[in-house]
$ cat my_file-v6.txt   # compact mmCIF, C-alpha atoms
# COMPACT_ATOMS: atom_id res chain seq x y z
CA MET A 683 -49.36 -57.97 -14.46
CA PRO A 684 -51.08 -58.73 -17.82
CA SER A 685 -53.60 -56.26 -19.14
CA SER A 686 -56.43 -58.75 -18.56
CA ALA A 687 -55.50 -59.04 -14.88
CA ILE A 688 -55.52 -55.25 -14.53
CA LEU A 689 -58.97 -55.06 -16.11
CA ASN A 690 -60.27 -57.87 -13.89
CA HIS A 691 -58.94 -56.14 -10.78
CA ALA A 692 -60.44 -52.82 -11.90
CA ALA A 693 -63.78 -54.55 -12.58
CA ARG A 694 -63.85 -55.92 -9.03
CA ILE A 695 -63.31 -52.41 -7.71
CA LEU A 696 -66.16 -51.11 -9.88
CA LYS A 697 -68.49 -53.70 -8.42
CA THR A 698 -67.62 -52.37 -4.95
CA VAL A 699 -68.41 -48.86 -6.21
CA GLN A 700 -71.73 -50.03 -7.61
CA ALA A 701 -72.54 -51.38 -4.16
CA GLY A 702 -72.20 -47.87 -2.74
CA THR A 703 -68.53 -47.30 -1.91
CA PRO A 704 -66.97 -44.08 -3.33
CA ALA A 705 -64.44 -44.89 -6.05
CA ASP A 706 -61.48 -43.26 -4.32
CA GLN A 707 -62.19 -45.20 -1.11
CA ALA A 708 -62.71 -48.49 -2.99
CA LEU A 709 -59.43 -47.99 -4.83
CA ARG A 710 -57.54 -47.11 -1.68
CA GLU A 711 -58.82 -50.12 0.23
CA SER A 712 -58.23 -52.51 -2.65
CA LEU A 713 -54.75 -51.27 -3.47
CA VAL A 714 -53.69 -51.37 0.18
CA ARG A 715 -54.61 -55.06 0.21
CA THR A 716 -52.58 -55.70 -2.97
CA ARG A 717 -49.62 -53.48 -2.05
CA HIS A 718 -47.46 -56.44 -1.08
CA TYR A 719 -47.68 -58.23 -4.42
CA SER A 720 -48.39 -55.49 -6.97
CA ALA A 721 -45.71 -53.20 -8.35
CA PRO A 722 -46.36 -49.41 -8.21
CA ALA A 723 -46.79 -49.35 -11.99
CA GLU A 724 -49.49 -52.03 -11.80
CA ARG A 725 -51.37 -50.27 -9.01
CA ARG A 726 -51.20 -47.08 -11.03
CA ALA A 727 -52.56 -48.88 -14.10
CA ILE A 728 -55.51 -50.16 -12.06
CA SER A 729 -56.25 -46.68 -10.72
CA ARG A 730 -56.03 -45.15 -14.18
CA ALA A 731 -58.42 -47.74 -15.60
CA VAL A 732 -61.02 -47.13 -12.86
CA PHE A 733 -60.89 -43.36 -13.19
CA ALA A 734 -60.97 -43.52 -17.00
CA TYR A 735 -64.19 -45.52 -16.68
CA PHE A 736 -65.86 -42.65 -14.82
CA ARG A 737 -64.46 -39.95 -17.14
CA TRP A 738 -65.87 -41.68 -20.20
CA TRP A 739 -68.86 -43.34 -18.54
CA ARG A 740 -71.46 -41.77 -20.83
CA TRP A 741 -69.58 -42.96 -23.91
CA LEU A 742 -69.66 -46.61 -22.79
CA GLU A 743 -72.12 -49.35 -23.65
CA PRO A 744 -73.78 -50.40 -20.36
CA LYS A 745 -74.72 -53.84 -21.74
CA ASP A 746 -71.05 -54.75 -22.14
CA SER A 747 -69.10 -56.48 -19.38
CA LEU A 748 -67.21 -54.22 -17.00
CA GLN A 749 -63.93 -55.47 -18.47
CA LYS A 750 -65.06 -54.49 -21.97
CA GLN A 751 -66.24 -51.09 -20.77
CA LEU A 752 -62.93 -50.53 -19.00
CA GLU A 753 -61.03 -51.36 -22.16
CA ALA A 754 -63.25 -48.99 -24.16
CA ALA A 755 -62.63 -46.23 -21.61
CA ARG A 756 -58.87 -46.74 -21.86
CA THR A 757 -59.14 -46.49 -25.65
CA LEU A 758 -61.13 -43.27 -25.40
CA GLN A 759 -58.60 -41.86 -22.94
CA ALA A 760 -55.73 -42.66 -25.28
CA ARG A 761 -57.57 -41.04 -28.20
CA PHE A 762 -58.26 -37.92 -26.14
CA ASP A 763 -54.68 -37.70 -24.87
CA LYS A 764 -53.43 -37.86 -28.45
CA ASN A 765 -55.89 -35.29 -29.83
CA PRO A 766 -58.30 -33.54 -27.41
CA ALA A 767 -59.85 -31.65 -30.33
CA SER A 768 -61.18 -34.94 -31.71
CA PHE A 769 -63.98 -34.62 -29.13
CA LYS A 770 -66.34 -31.75 -29.88
CA PRO A 771 -66.90 -29.29 -27.01
CA GLU A 772 -70.65 -29.80 -27.29
CA ALA A 773 -70.18 -33.55 -26.77
CA LEU A 774 -68.02 -32.98 -23.70
CA ALA A 775 -70.57 -30.53 -22.26
CA ALA A 776 -73.36 -33.05 -22.78
CA ARG A 777 -71.58 -36.24 -21.68
CA ALA A 778 -68.51 -35.55 -19.53
CA VAL A 779 -70.42 -33.81 -16.72
CA PRO A 780 -73.97 -33.90 -15.31
CA GLU A 781 -76.71 -31.79 -16.88
CA TRP A 782 -76.78 -29.20 -14.09
CA PHE A 783 -73.03 -28.51 -14.24
CA SER A 784 -72.94 -25.59 -16.69
CA GLU A 785 -75.76 -23.73 -14.98
CA THR A 786 -74.07 -23.64 -11.57
CA ILE A 787 -70.47 -22.69 -12.42
CA PHE A 788 -69.18 -19.12 -12.15
CA TRP A 789 -68.07 -18.58 -15.75
CA PRO A 790 -65.81 -15.49 -16.10
CA GLU A 791 -67.49 -14.66 -19.41
CA VAL A 792 -70.76 -14.15 -17.58
CA GLY A 793 -69.75 -13.29 -14.02
CA ALA A 794 -72.45 -13.25 -11.40
CA VAL A 795 -75.15 -11.99 -13.76
CA ALA A 796 -77.42 -14.61 -15.37
CA PRO A 797 -80.41 -14.84 -12.99
CA ASN A 798 -81.54 -18.07 -14.68
CA GLY A 799 -78.08 -19.48 -15.24
CA PRO A 800 -75.51 -18.52 -17.91
CA ARG A 801 -77.32 -20.43 -20.66
CA ALA A 802 -80.18 -17.93 -20.34
CA LEU A 803 -77.78 -15.34 -21.73
CA GLU A 804 -76.01 -17.19 -24.52
CA GLY A 805 -77.94 -20.22 -25.68
CA LYS A 806 -76.21 -23.60 -25.43
CA ARG A 807 -72.79 -22.81 -26.88
CA PRO A 808 -69.97 -23.62 -24.41
CA TYR A 809 -67.90 -20.64 -23.31
CA PRO A 810 -64.13 -20.61 -23.95
CA THR A 811 -63.50 -21.17 -20.23
CA GLU A 812 -66.01 -24.03 -20.24
CA VAL A 813 -64.33 -25.72 -23.19
CA ALA A 814 -60.90 -25.41 -21.55
CA LEU A 815 -62.24 -26.69 -18.23
CA LEU A 816 -64.08 -29.66 -19.78
CA ARG A 817 -60.96 -30.71 -21.65
CA GLN A 818 -58.92 -30.44 -18.48
CA LEU A 819 -61.41 -32.60 -16.61
CA GLN A 820 -60.87 -35.37 -19.18
CA ARG A 821 -57.10 -35.38 -18.69
CA GLU A 822 -55.35 -37.51 -16.12
CA PRO A 823 -54.37 -35.31 -13.17
CA ALA A 824 -50.89 -34.23 -12.24
CA LEU A 825 -49.33 -35.49 -9.00
CA TRP A 826 -48.04 -32.54 -6.97
CA ILE A 827 -45.72 -32.60 -3.99
CA ARG A 828 -44.76 -29.80 -1.59
CA ALA A 829 -41.25 -29.88 -0.17
CA LYS A 830 -40.43 -28.17 3.09
CA GLN A 831 -38.98 -24.70 2.73
CA GLY A 832 -35.38 -24.89 1.60
CA LEU A 833 -35.60 -28.57 0.59
CA ALA A 834 -37.28 -28.37 -2.83
CA ALA A 835 -34.08 -28.79 -4.85
CA LYS A 836 -32.81 -31.62 -2.62
CA VAL A 837 -36.11 -33.52 -2.72
CA ALA A 838 -36.49 -33.08 -6.49
CA ALA A 839 -32.95 -34.36 -7.08
CA SER A 840 -33.48 -37.35 -4.80
CA LEU A 841 -36.82 -38.39 -6.27
CA GLY A 842 -36.14 -37.51 -9.90
CA HIS A 843 -38.94 -36.99 -12.41
CA CYS A 844 -39.85 -33.65 -10.82
CA ALA A 845 -40.78 -30.42 -12.59
CA PRO A 846 -41.39 -27.03 -10.94
CA ALA A 847 -44.77 -25.31 -11.14
CA GLU A 848 -45.20 -22.93 -14.05
CA LEU A 849 -47.61 -20.17 -13.02
CA GLY A 850 -48.93 -17.81 -15.63
CA VAL A 851 -49.89 -14.17 -15.16
CA PRO A 852 -50.94 -12.89 -12.65
CA LEU A 853 -49.65 -15.66 -10.38
CA SER A 854 -46.14 -15.81 -11.82
CA ALA A 855 -44.79 -13.51 -9.09
CA LEU A 856 -45.63 -16.23 -6.56
CA SER A 857 -43.41 -18.86 -8.20
CA SER A 858 -40.41 -18.03 -6.02
CA GLN A 859 -42.48 -18.70 -2.87
CA LEU A 860 -43.58 -22.18 -3.99
CA SER A 861 -41.78 -25.42 -3.27
CA ALA A 862 -44.21 -27.34 -5.50
CA ARG A 863 -43.04 -30.01 -7.93
CA ALA A 864 -45.04 -32.12 -10.38
CA TYR A 865 -43.94 -35.74 -10.01
CA THR A 866 -44.12 -37.99 -13.08
CA GLY A 867 -42.24 -41.06 -11.86
CA LEU A 868 -43.66 -44.44 -10.85
CA THR A 869 -42.13 -44.79 -7.38
CA ASP A 870 -44.50 -45.19 -4.44
CA LEU A 871 -43.77 -41.82 -2.84
CA TYR A 872 -45.14 -42.84 0.54
CA ARG A 873 -42.34 -45.41 0.85
CA THR A 874 -39.46 -43.07 0.00
CA PRO A 875 -36.97 -42.14 2.73
CA GLU A 876 -37.63 -38.45 1.98
CA PHE A 877 -41.34 -38.81 2.70
CA GLN A 878 -40.75 -40.87 5.82
CA ALA A 879 -38.35 -38.18 7.04
CA GLY A 880 -41.04 -35.52 6.59
CA GLU A 881 -39.17 -33.67 3.85
CA PHE A 882 -42.22 -33.40 1.58
CA GLU A 883 -45.99 -33.86 1.45
CA ILE A 884 -48.23 -34.94 -1.39
CA GLN A 885 -50.39 -31.85 -1.86
CA ASP A 886 -52.17 -30.40 -4.86
CA LEU A 887 -50.79 -27.15 -6.28
CA ALA A 888 -54.05 -25.26 -5.70
CA SER A 889 -53.99 -26.24 -2.03
CA GLN A 890 -50.43 -24.96 -1.78
CA LEU A 891 -51.56 -21.61 -3.16
CA VAL A 892 -54.15 -21.42 -0.36
CA GLY A 893 -51.25 -21.49 2.09
CA LEU A 894 -49.59 -18.60 0.25
CA ALA A 895 -52.88 -16.70 0.34
CA CYS A 896 -52.92 -17.04 4.13
CA ALA A 897 -49.30 -15.82 4.34
CA PRO A 898 -48.84 -16.59 8.06
CA GLN A 899 -45.71 -15.17 9.66
CA PRO A 900 -43.40 -16.84 12.18
CA GLY A 901 -44.56 -16.11 15.71
CA GLU A 902 -48.20 -15.40 14.78
CA THR A 903 -51.24 -17.26 16.06
CA TRP A 904 -53.41 -18.95 13.39
CA TRP A 905 -56.42 -21.24 13.29
CA ASP A 906 -57.08 -23.80 10.56
CA ALA A 907 -60.76 -24.17 11.36
CA CYS A 908 -61.63 -27.06 9.01
CA ALA A 909 -58.29 -28.82 8.96
CA GLY A 910 -59.34 -32.31 7.85
CA GLU A 911 -56.25 -34.52 7.87
CA GLY A 912 -53.97 -31.52 7.95
CA GLY A 913 -52.58 -30.93 4.45
CA LYS A 914 -52.93 -27.16 4.65
CA SER A 915 -52.12 -27.17 8.38
CA MET A 916 -48.71 -28.68 7.64
CA HIS A 917 -48.10 -25.97 5.05
CA LEU A 918 -49.13 -23.17 7.41
CA SER A 919 -46.74 -24.50 10.04
CA ASP A 920 -43.93 -24.66 7.49
CA LEU A 921 -44.59 -21.05 6.43
CA MET A 922 -44.52 -20.10 10.14
CA GLN A 923 -41.15 -21.89 10.44
CA ASN A 924 -42.68 -24.04 13.20
CA LYS A 925 -42.92 -20.92 15.40
CA GLY A 926 -45.88 -19.21 16.98
CA LEU A 927 -49.07 -21.21 17.53
CA LEU A 928 -51.35 -23.01 15.10
CA TRP A 929 -54.74 -24.27 16.27
CA VAL A 930 -56.24 -27.01 14.09
CA SER A 931 -59.78 -28.28 14.35
CA ASP A 932 -62.22 -30.54 12.56
CA ARG A 933 -65.53 -32.18 13.39
CA SER A 934 -63.99 -35.64 12.84
CA GLU A 935 -61.83 -37.10 15.59
CA ARG A 936 -60.54 -39.65 13.08
CA ARG A 937 -59.22 -36.91 10.80
CA LEU A 938 -57.57 -35.14 13.71
CA ALA A 939 -55.87 -38.38 14.72
CA LYS A 940 -54.52 -38.70 11.17
CA LEU A 941 -53.38 -35.07 11.31
CA LYS A 942 -51.39 -35.79 14.47
CA GLU A 943 -49.67 -38.73 12.75
CA ARG A 944 -48.75 -36.51 9.80
CA ALA A 945 -47.51 -33.77 12.10
CA ALA A 946 -45.24 -36.22 13.95
CA ARG A 947 -43.71 -37.42 10.69
CA ALA A 948 -43.32 -33.83 9.40
CA LYS A 949 -41.83 -32.73 12.75
CA VAL A 950 -44.53 -30.08 13.22
CA PHE A 951 -44.60 -29.03 16.87
CA ASN A 952 -46.31 -25.62 17.01
CA PHE A 953 -49.92 -26.84 16.85
CA ARG A 954 -52.81 -27.68 19.14
CA ALA A 955 -55.67 -29.86 17.93
CA ALA A 956 -59.26 -29.65 19.15
CA PRO A 957 -62.55 -30.85 17.67
CA TRP A 958 -65.05 -28.26 16.44
CA GLN A 959 -68.53 -28.96 15.13
CA GLY A 960 -68.73 -25.68 13.23
CA ASP A 961 -71.17 -24.10 15.69
CA ALA A 962 -70.99 -21.01 17.87
CA LYS A 963 -69.12 -22.92 20.61
CA LEU A 964 -65.52 -22.39 19.49
CA PRO A 965 -62.69 -24.76 20.47
CA THR A 966 -60.76 -21.92 22.16
CA LYS A 967 -61.18 -18.33 23.33
CA THR A 968 -57.87 -17.43 21.69
CA LYS A 969 -57.88 -14.40 19.40
CA PHE A 970 -56.00 -15.04 16.18
CA ASP A 971 -53.82 -13.13 13.75
CA GLY A 972 -55.34 -15.26 11.01
CA VAL A 973 -58.06 -17.83 10.41
CA LEU A 974 -58.37 -20.19 7.46
CA VAL A 975 -61.86 -21.55 6.75
CA ASP A 976 -61.20 -24.28 4.18
CA ALA A 977 -64.86 -25.21 4.18
CA PRO A 978 -66.52 -28.47 3.13
CA CYS A 979 -67.87 -28.05 -0.38
CA SER A 980 -69.23 -29.87 -3.42
CA GLY A 981 -65.67 -30.57 -4.60
CA ILE A 982 -66.31 -29.79 -8.26
CA GLY A 983 -62.77 -28.46 -8.52
CA THR A 984 -61.50 -32.01 -7.85
CA TRP A 985 -63.54 -33.74 -10.57
CA GLN A 986 -60.44 -34.31 -12.71
CA ARG A 987 -58.83 -36.23 -9.86
CA ASN A 988 -62.02 -37.93 -8.69
CA PRO A 989 -64.32 -38.32 -11.72
CA HIS A 990 -66.70 -40.66 -9.88
CA ALA A 991 -67.89 -37.62 -7.87
CA ARG A 992 -69.35 -36.12 -11.07
CA TRP A 993 -72.08 -38.73 -10.95
CA THR A 994 -72.76 -38.71 -7.19
CA THR A 995 -72.85 -34.95 -6.48
CA ARG A 996 -76.29 -33.32 -6.75
CA PRO A 997 -77.45 -29.66 -7.04
CA THR A 998 -79.07 -30.02 -3.63
CA ASP A 999 -75.61 -30.77 -2.20
CA VAL A 1000 -74.37 -27.41 -3.50
CA HIS A 1001 -77.10 -25.42 -1.76
CA GLU A 1002 -76.93 -27.40 1.48
CA LEU A 1003 -73.16 -26.93 1.63
CA ALA A 1004 -73.46 -23.21 0.88
CA ALA A 1005 -75.54 -22.84 4.03
CA VAL A 1006 -72.86 -24.71 6.01
CA GLN A 1007 -70.12 -22.51 4.54
CA ALA A 1008 -71.93 -19.31 5.51
CA ARG A 1009 -72.35 -20.54 9.10
CA LEU A 1010 -68.71 -21.56 9.40
CA LEU A 1011 -67.51 -18.14 8.26
CA ASP A 1012 -69.91 -16.35 10.60
CA HIS A 1013 -68.84 -18.39 13.63
CA ALA A 1014 -65.09 -18.29 12.91
CA ALA A 1015 -64.90 -14.56 12.12
CA GLY A 1016 -65.38 -13.46 15.73
CA SER A 1017 -62.14 -15.16 16.80
CA LEU A 1018 -59.94 -12.71 14.86
CA LYS A 1019 -57.96 -9.89 16.41
CA PRO A 1020 -58.45 -6.37 15.03
CA GLY A 1021 -56.36 -6.30 11.88
CA GLY A 1022 -56.52 -10.10 11.65
CA ARG A 1023 -56.78 -11.90 8.32
CA LEU A 1024 -59.68 -14.20 7.39
CA VAL A 1025 -59.22 -16.53 4.40
CA TYR A 1026 -62.07 -18.55 2.87
CA ALA A 1027 -61.22 -21.40 0.49
CA VAL A 1028 -63.29 -24.06 -1.28
CA CYS A 1029 -62.24 -26.55 -3.95
CA THR A 1030 -65.32 -25.85 -6.05
CA LEU A 1031 -66.37 -23.44 -8.79
CA THR A 1032 -70.10 -22.95 -8.28
CA ARG A 1033 -71.49 -19.44 -7.87
CA ALA A 1034 -73.48 -20.46 -4.78
CA GLU A 1035 -70.37 -21.63 -2.89
CA THR A 1036 -67.92 -18.96 -4.03
CA THR A 1037 -68.83 -15.37 -4.96
CA ALA A 1038 -72.28 -15.63 -3.38
CA ILE A 1039 -70.80 -16.68 -0.02
CA ALA A 1040 -68.07 -14.01 -0.14
CA ASP A 1041 -70.43 -11.20 -1.15
CA ALA A 1042 -72.96 -12.17 1.53
CA PHE A 1043 -70.27 -12.24 4.22
CA THR A 1044 -69.00 -8.79 3.24
CA ALA A 1045 -72.52 -7.37 3.31
CA ALA A 1046 -73.31 -8.92 6.71
CA HIS A 1047 -70.03 -7.99 8.43
CA PRO A 1048 -69.25 -4.26 8.25
CA ASP A 1049 -66.40 -4.84 10.73
CA PHE A 1050 -64.54 -6.71 7.97
CA GLU A 1051 -63.16 -5.28 4.75
CA PRO A 1052 -62.14 -7.34 1.68
CA ALA A 1053 -58.39 -7.85 1.41
CA LEU A 1054 -56.18 -8.95 -1.47
CA VAL A 1055 -56.04 -12.74 -1.71
CA PHE A 1056 -52.29 -12.65 -2.31
CA SER A 1057 -49.74 -10.14 -1.04
CA ALA A 1058 -50.24 -6.45 -1.74
CA GLN A 1059 -47.22 -6.29 -4.02
CA HIS A 1060 -49.21 -8.23 -6.61
CA SER A 1061 -51.67 -5.41 -7.27
CA ALA A 1062 -53.33 -7.22 -10.19
CA LEU A 1063 -54.77 -9.82 -7.82
CA SER A 1064 -58.19 -9.26 -6.31
CA THR A 1065 -60.06 -9.89 -3.09
CA GLN A 1066 -61.81 -12.90 -4.67
CA PHE A 1067 -59.76 -15.26 -6.80
CA PHE A 1068 -60.52 -18.38 -8.85
CA LEU A 1069 -57.81 -20.94 -9.50
CA TRP A 1070 -58.87 -22.74 -12.70
CA PRO A 1071 -57.75 -26.36 -13.32
CA HIS A 1072 -56.85 -25.74 -16.96
CA GLU A 1073 -54.59 -22.83 -16.00
CA LEU A 1074 -52.78 -24.62 -13.16
CA ASN A 1075 -52.95 -28.29 -14.19
CA ALA A 1076 -54.31 -28.80 -10.69
CA ASN A 1077 -57.56 -28.71 -8.74
CA GLY A 1078 -60.00 -25.84 -9.10
CA MET A 1079 -60.21 -23.52 -6.10
CA PHE A 1080 -61.86 -20.29 -4.98
CA ILE A 1081 -60.21 -18.03 -2.38
CA ALA A 1082 -61.52 -14.86 -0.73
CA ALA A 1083 -59.89 -12.78 1.99
CA TRP A 1084 -60.87 -10.11 4.51
CA ARG A 1085 -59.20 -8.01 7.21
CA ARG A 1086 -60.93 -7.27 10.49
CA LYS A 1087 -61.06 -3.51 10.92

$ encode --input "my_file-v6.txt" --output "structure tokens"
Amino acid sequence: MPSSAILNHAARILKTVQAGTPADQALRESLVRTRHYSAPAERRAISRAVFAYFRWWRWLEPKDSLQKQLEAARTLQARFDKNPASFKPEALAARAVPEWFSETIFWPEVGAVAPNGPRALEGKRPYPTEVALLRQLQREPALWIRAKQGLAAKVAASLGHCAPAELGVPLSALSSQLSARAYTGLTDLYRTPEFQAGEFEIQDLASQLVGLACAPQPGETWWDACAGEGGKSMHLSDLMQNKGLLWVSDRSERRLAKLKERAARAKVFNFRAAPWQGDAKLPTKTKFDGVLVDAPCSGIGTWQRNPHARWTTRPTDVHELAAVQARLLDHAAGSLKPGGRLVYAVCTLTRAETTAIADAFTAAHPDFEPALVFSAQHSALSTQFFLWPHELNANGMFIAAWRRK
């Protein structure tokens, strides 16, 4: 497909976005329609052009045609990929993210102090973590897959273009437990025999680490309380070796139906699905060895993968979702057995949705004690843990864990 055709197709998708459709949904619907006559490389080029537009949106001239803006965004992306330092950190802080971004994030350099936001402490200079994060947000995201236990080498050899995850300290001890691979090829993975046989899932590396934080054992009883379409549920079942019992719930019947389709393909049999609205009326009276609350959140940790969300998410969303997260934890906690493990995960990095939620839960629930996020043998790891995109080349994530006394 000529470059002009790619830009024209991308421009049509942008018009759909301007009419109110989220970019990822508009892309998915458009590319499904063109799947029969577009090669995987062409569909990928269209996706890259659309997402580059939203990464570099504030650098573009709004009076230009969408095709011209898309071409300018591709040029900026190529310049950044060649030399990220050619863009000053101050420019990225001012233009790559919304104005409220820096004031809401939990920067390690500041911690939870800063009553009026971190800038009240240190002027307007970006922190080292902020610079690294902003640069990561402007990069194109990695595509991660998770092979079933024992199949990582086979799947990687079959697909080709696969590289294992490289975890730095203190996560490096977890590398042997991961079956994650970064895929750099152009094949449509959904059409591969290995995917159709359920040998692997497309799942971000940070999400895979949430599964390791849960550490369910074969024969245990677990509940994935906000399962969505089941990405983490499939991982929990795999870690349980398809033994024991896994309850999965979500408020959306559509998502649960999709989860059941995925489970059939992945040959997951040890689960029961039931809707849950997140209220005090739980889907079952079962008492669990472990509960995962992968709560709905502002999704700031996914802004590299979905840059359109940078311009649609609002500070009010953060505070409204924080209230939802607190309620979900409160309601789900009572379903744990004594000694049971509660894991809270959100793919965001705001203070309000991460440390504030975890600290408030600990203070309000004396029958729970904070537990290490990852296994006790990794003593350097804490009871609250941030997974940073620039350190993982993956989504940002916050994980906290507790044990019921």

$ residues_around --input "my_file-v6.txt" --residues "A:Ile787" --least-positions-apart "6" --cutoff "6 Å" --atoms "all atoms listed in the file" --output "JSON list (two decimals) with C-alpha atoms, in the frame of the given file"
[["chain", "number", "residue", "atom", "x", "y", "z"],
["A", 1031, "LEU", "CA", -66.37, -23.44, -8.79],
["A", 1032, "THR", "CA", -70.10, -22.95, -8.28],
["A", 1033, "ARG", "CA", -71.49, -19.44, -7.87]]

$ residues_around --input "my_file-v6.txt" --residues "stretch 1071-1074 of chain A" --least-positions-apart "3" --cutoff "10 Å" --atoms "all atoms listed in the file" --output "MDAnalysis selection string"
chainID A and resid 811:819 821 823:824 847:851 853 887:888 983:986 1068 1077:1079

$ residues_around --input "my_file-v6.txt" --residues "A:Pro744" --least-positions-apart "6" --cutoff "12 Å" --atoms "only C-alpha atoms" --output "compact mmCIF listing (two decimals) with C-alpha atoms, in the frame of the given file"
# COMPACT_ATOMS: atom_id res chain seq x y z
CA TYR A 735 -64.19 -45.52 -16.68
CA TRP A 738 -65.87 -41.68 -20.20
CA LYS A 750 -65.06 -54.49 -21.97
CA GLN A 751 -66.24 -51.09 -20.77
CA LEU A 752 -62.93 -50.53 -19.00
CA ALA A 754 -63.25 -48.99 -24.16
CA ALA A 755 -62.63 -46.23 -21.61

$ closest_residue --input "my_file-v6.txt" --among "A:Leu825, A:Ala693, A:Ala1042, A:Val779" --to "A:Arg1009" --atoms "only C-alpha atoms"
A:Ala1042

$ residues_around --input "my_file-v6.txt" --residues "A:Ser980" --least-positions-apart "3" --cutoff "12 Å" --atoms "all atoms listed in the file" --output "PyMOL selection string"
chain A and resi 783+786-787+977+983-985+991-1004+1006-1007+1028-1036+1078-1079

$ write_last_selection --input "my_file-v6.txt" --atoms "C-alpha atoms" --output "mmCIF file, in the frame of the given file"
data_model
loop_
_atom_site.group_PDB
_atom_site.id
_atom_site.type_symbol
_atom_site.label_atom_id
_atom_site.label_comp_id
_atom_site.auth_asym_id
_atom_site.auth_seq_id
_atom_site.Cartn_x
_atom_site.Cartn_y
_atom_site.Cartn_z
ATOM 1 C CA PHE A 783 -73.030 -28.510 -14.240
ATOM 2 C CA THR A 786 -74.070 -23.640 -11.570
ATOM 3 C CA ILE A 787 -70.470 -22.690 -12.420
ATOM 4 C CA ALA A 977 -64.860 -25.210 4.180
ATOM 5 C CA GLY A 983 -62.770 -28.460 -8.520
ATOM 6 C CA THR A 984 -61.500 -32.010 -7.850
ATOM 7 C CA TRP A 985 -63.540 -33.740 -10.570
ATOM 8 C CA ALA A 991 -67.890 -37.620 -7.870
ATOM 9 C CA ARG A 992 -69.350 -36.120 -11.070
ATOM 10 C CA TRP A 993 -72.080 -38.730 -10.950
ATOM 11 C CA THR A 994 -72.760 -38.710 -7.190
ATOM 12 C CA THR A 995 -72.850 -34.950 -6.480
ATOM 13 C CA ARG A 996 -76.290 -33.320 -6.750
ATOM 14 C CA PRO A 997 -77.450 -29.660 -7.040
ATOM 15 C CA THR A 998 -79.070 -30.020 -3.630
ATOM 16 C CA ASP A 999 -75.610 -30.770 -2.200
ATOM 17 C CA VAL A 1000 -74.370 -27.410 -3.500
ATOM 18 C CA HIS A 1001 -77.100 -25.420 -1.760
ATOM 19 C CA GLU A 1002 -76.930 -27.400 1.480
ATOM 20 C CA LEU A 1003 -73.160 -26.930 1.630
ATOM 21 C CA ALA A 1004 -73.460 -23.210 0.880
ATOM 22 C CA VAL A 1006 -72.860 -24.710 6.010
ATOM 23 C CA GLN A 1007 -70.120 -22.510 4.540
ATOM 24 C CA VAL A 1028 -63.290 -24.060 -1.280
ATOM 25 C CA CYS A 1029 -62.240 -26.550 -3.950
ATOM 26 C CA THR A 1030 -65.320 -25.850 -6.050
ATOM 27 C CA LEU A 1031 -66.370 -23.440 -8.790
ATOM 28 C CA THR A 1032 -70.100 -22.950 -8.280
ATOM 29 C CA ARG A 1033 -71.490 -19.440 -7.870
ATOM 30 C CA ALA A 1034 -73.480 -20.460 -4.780
ATOM 31 C CA GLU A 1035 -70.370 -21.630 -2.890
ATOM 32 C CA THR A 1036 -67.920 -18.960 -4.030
ATOM 33 C CA GLY A 1078 -60.000 -25.840 -9.100
ATOM 34 C CA MET A 1079 -60.210 -23.520 -6.100
#

$ atom_distance --input "my_file-v6.txt" --atom1 "atom CA of A:Leu1011" --atom2 "atom CA of A:Arg987"
27.0 Å

$ closest_residue --input "my_file-v6.txt" --among "A:Cys908, A:Leu868, A:Thr1044, A:Lys770" --to "A:Cys979" --atoms "all atoms listed in the file"
A:Cys908

$ atom_distance --input "my_file-v6.txt" --atom1 "atom CA of A:Arg863" --atom2 "atom CA of A:Gln1066"
25.6 Å

$ residues_around --input "my_file-v6.txt" --residues "stretch 915-928 of chain A" --least-positions-apart "5" --cutoff "9 Å" --atoms "all atoms listed in the file" --output "PyMOL selection string"
chain A and resi 828+830-831+883+890+893-894+896-906+909-910+941+944-945+948-955

$ build_atoms --input "my_file-v6.txt" --residues "stretch 861-868 of chain A" --atoms "N, CA and C atoms" --output "CSV table (one decimal), in the coordinates of the input"
chain,number,residue,atom,x,y,z
A,861,SER,N,-42.7,-24.3,-3.2
A,861,SER,CA,-41.8,-25.4,-3.3
A,861,SER,C,-42.5,-26.6,-3.9
A,862,ALA,N,-43.4,-26.3,-4.8
A,862,ALA,CA,-44.2,-27.3,-5.5
A,862,ALA,C,-43.4,-28.0,-6.6
A,863,ARG,N,-43.6,-29.3,-6.8
A,863,ARG,CA,-43.0,-30.0,-7.9
A,863,ARG,C,-44.1,-31.0,-8.4
A,864,ALA,N,-44.2,-31.1,-9.8
A,864,ALA,CA,-45.0,-32.1,-10.4
A,864,ALA,C,-44.2,-33.4,-10.5
A,865,TYR,N,-44.7,-34.5,-10.0
A,865,TYR,CA,-43.9,-35.7,-10.0
A,865,TYR,C,-44.5,-36.7,-11.1
A,866,THR,N,-43.7,-37.1,-12.0
A,866,THR,CA,-44.1,-38.0,-13.1
A,866,THR,C,-43.6,-39.4,-13.0
A,867,GLY,N,-42.8,-39.7,-12.0
A,867,GLY,CA,-42.2,-41.1,-11.9
A,867,GLY,C,-43.3,-42.1,-11.4
A,868,LEU,N,-42.8,-43.3,-11.2
A,868,LEU,CA,-43.7,-44.4,-10.8
A,868,LEU,C,-43.4,-44.9,-9.4
